[in-house]
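Note sheet for the following structure.
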Amino acid sequence: MKFTDGFWLMREGVRASYATEIRDLRVEADRITAHAAVMRVTGRGDTLNTPLITVECFTPAEGIIGVRATHHAGKVNHGPDFELTADAEPHAWSRTARKGSVAELTSGPLTLRLDKEGPWGLTFLDAEGRRLTGVDRKGTAFATTPDGAHHMIAQLALSVGENVYGLGERFTPFVKNGQVVDVWQADGGTSSEQAYKNIPFYLSSRGYGVFVNHPGKVGFEIGSESVGQVQFSVEDQTLEYYVVAGPTPKDVLTRYTALTGRPALPPAWSFGLWLTTSFCTSYDEETVTSFVEGMAERDIPLSVFHFDCFWMREYQWSDFLWDPDVFPDPEGMLARLKERGLRISMWINPYIAQKSSLFAEGAEKGYLVRRPNGDVWQWDLWQPGMALVDFTNPAATAWFQGKLKVLLDQGVDCFKTDFGERIPTEVVWHDGSDPARMHNYYAQIYNRAVFELLEKERGSGEAVLFARSATAGGQQFPVHWGGDCFASFNAMAESLRGGLSLSLSGFGFWSHDIGGFEGTPDPAVFKRWLAFGLLSSHSRLHGNVSYRVPWEFGEEAVAVTRQFTLLKHHLMPYLYGAAAEAHRTGVPMMRPMLMEFPDDPATRTLDRQYMLGPDLLVAPVFTEEGEVEYYVPEGTWTHLLTGETVTGPVWRQEVHGFDSLPLYVRPGAVLPWGGDVRRPDGDWLADLTLRAFGPAPDSGTTTTEVTVPGLTGEPAATFRVTRDAGGVRATAEGSGRPFRVTAEGTGATAEGTGTVEVPHAG
């Protein structure tokens with residue numbers, strides 16, 4: 001939100017007050033509190049009839065410093081609030097100091113400094129004393145607008161060449177500089193400035209992050225009102241934000257997700273291929289069976305089958321009852337599908353249509369959100385007369401979960417938790433929550449209700465969603481997918497931008513509709529999207545008005561689907577290791593290039609390629625002809641499919657067939673390569689190959705530790721792989737089973753147990 005009219009003037013009707021000088025500074029063991037006047041005080045008379053801004057500086061955890069600016073402290077906070085994990089007491093990593101007029105608060109590698117005698121300002125320093133960012137003379141303020149609204153405003157300075165990323169799953173340009181971003185949930189598809197997943201957190205190329213601790217609407221001006229500042233504002237009396245230390249992007253995300261929640265580890269079976277009925281298509285058990293049998297006949301492993309909306313009767317979403325005319329024997333059908341080794345996913349949403357049998361029940365028991373006059377809130381958008389489940393009511397949550405449990409008892413394994421964005425603000429919540437704050441936060445309580453039910457019924461480590469909406473902390477309930485995209489190359493690129501932005505916002509797992517959702521993709525779009533989709537953390541074939549079974553797009557599409565599904569299964573020991581890392585540290589599976597190579601300036605704007613885990617470079621092809629341009633960082637990289645090597649740093653322009661794309665292995669990497677290609681959750685130690693890529697034999701001795709996880713994410717075996725002029729030697733720890741080692745590029749291989757050596761040829 002903008003308040004100024006250029007550099008000199010305010011917008012008509014806007015009145016702003018800026019922290020100008022510190023009148024009182026208190027330094028305690030764990031915090032600093034400053035009371036700032038909004039004008040220069042030259043005499044006692046200047047202290048009358050004027051406001052103060054109270055600024056509290058504190059540290060909730062190592063490497064994180066919070067700033068809370070308040071105008072009127074008496075405003076009641078009705079919630080909700082983000083659930084943050086902070087240390088109860090300061091530790092050795094936290095200290096304050098005062099020397100003369102200067103006060104400092106240090107938290108691990110991050111220091112905040114302010115000077116009582118100087119002009120108003122805050123400076124954030126890294127461990128080497130380098131200024132990361134700071135609050136300048138207009139960086140702490142409040143303003144009133146013509147409608148009488150009161151806004152708290154903060155600004156943090158941008159350095160020359162500094163880039164800003166994140167703020168949720170945003171489909172606008174990857175680098176957010178120059179953009180206006182409103183953190184406000186909307187159902188806007190992937191081709192607009194709106195977002196399903198709005199996260200008030202951004203990451204800077206200078207090695208720090210900023211989290212605005214406010215679940216309601218946050219207006220960001222990223223170098224777009226004051227071009228040298230990131231400005232953020234809320235309609236409130238208090239604004240609280242946290243500066244999160246790096247120095248690397250991984251360090252920032254590790255600290256940020258420790259504060260807001262780490263991603264749960266999805267079950268291994270969820271990483272296989274998902275196939276759906278699509279949305280508005282015609283389907284019944286015969287259709288479903290033909291799809292499943294068609295995949296098997298074409299030798300394409302399938303892991304999950306998903307039933308979209310019309311598994312229920314029209315006009316009645318959601319009543320959680322199968323349409324008896326279409327699915328007369330749901331329990332038998334699910335049993336037959338599960339006999340084929342499939343998991344089952346079902347579409348749901350938190351809305352209750354008036355025609356649903358649940359509407360009267362929910363209204364009578366007070367489980368539906370109400371208007372201030374006591375009426376049930378309803379509208380006709382999406383479903384006629386639909387209402388909204390009030391998850392702030394524990395009884396309503398249990399009621400909703402009870403309806404889903406019936407489906408779980410029938411054999412359903414997981415749910416696609418669709419919608420959750422268009423949440424009204426002219427309502428009253430059971431727990432008294434502020435409707436403006438609940439608009440964004442509703443996604444959290446909706447997804448949590450379903451995820452916790454799955455954990456209770458299926459066990460820890462077996463819960464997985466396919467969720468569309470999210471706010472900060474939503475990463476705890478994976479997986480999230482990119483929403484409604486068109487079936488086009490442009491939308492494919494939009495989707496990737498959104499996924500990369502989300503990954504820099506603390507989300508470890510992400511997916512998208514292969515081939516696009518809206519419309520029917522050209523076969524070229526479908527085949528290119530297949531490679532991208534099966535080299536994402538999660539992979540789902542889904543559409544709106546047309547099916548996404550591969551044979552609808554030709555025999556080559558069938559071959560491409562088979563090839564990349566089998567490739568993903570080969571990679572599962574590596575991919576699930578990256579998934580376990582995301583769960584453990586918050587570092588996502590799909591990583592923008594800048595995350596792995598933050599010191600390489602060429603990576604800072606790349607949004608058409610990514611790293612899948614730490615060692616695989618993926619550059620999807622966005623053209624029918626196969627033309628692709630991508631960047632290779634320093635070192636000699638090896639193409640996983642062809643064995644070709646490329647030495648960077650270098651830009652490449654290539655042409656690829658539908659069965660290929662730039663897919664390179666990082667220099668010195670050792671990929672654990674699974675032998676069971678029929679399923680994603682097989683025995684990864686059976687027929688295991690450790691594929692050692694570079695470096696050259698004359699580069700000295702290198703040792704790499706490779707961990708193969710089990711299905712729980714815990715290590716099943718660890719291998720120490722040493723390379724020198726003599727060859728490759730791998731020693732197993734924790735496993736006595738046979739394994740194979742290959743020295744990629746030489747053709748040399750060996751197999752055994754314990755220690756396996758591969759001498760270099762010649």
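Order determines the names: the first chain of the structure tokens is A, the second B, and so forth; residues in each chain are numbered 1 upward, and ligands are numbered 1 upward as they are shown.
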
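By only C-alpha atoms, and with residues fewer than 5 positions from Tyr574 (chain A) along its chain excluded, the set lying at most 9 Å from it is A:Ala579, A:Gly613, A:Leu671, A:Pro672, A:Trp673, A:Gly674, A:Thr707, A:Val708, A:Pro709.
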
Checklist entry - Where does DSSP see alpha helix (DSSP H) in region 455-565 of chain A, if you list the residues as a PyMOL selection string? => result chain A and resi 455-458+489-503+523-534+555-565

Item to check | Selected residue, from A:Gly734, A:Gly6, A:Pro119, A:Gly483, that lies nearest to Thr190 (chain A) when counting only C-alpha atoms | outcome: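 Going through A:Gly734, A:Gly6, A:Pro119, A:Gly483 one by one, the smallest distance to Thr190 (chain A) is for A:Gly483.
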
Item to check | Near-Leu641 (chain A) list (10 Å; only C-alpha atoms; drop same-chain fewer than 2 positions) as JSON, numbers by chain | outcome: {"A": [567, 638, 639, 643, 644, 659, 660, 661, 662, 663, 664, 665]}

Item to check | Secondary structure check, strand (DSSP E or B) residues of region 529-729 of chain A, as a ChimeraX atom specification | outcome: /A:539-541,590-591,610-612,616-618,627-639,645-655,663-665,670-673,689-693,702-709,715-724,727-729

Item to check | Pick from A:Lys456, A:Arg371, A:Thr260, A:Asn447 nearest to Lys405 (chain A), counting only C-alpha atoms | outcome: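 Nearest to Lys405 (chain A): A:Lys456.
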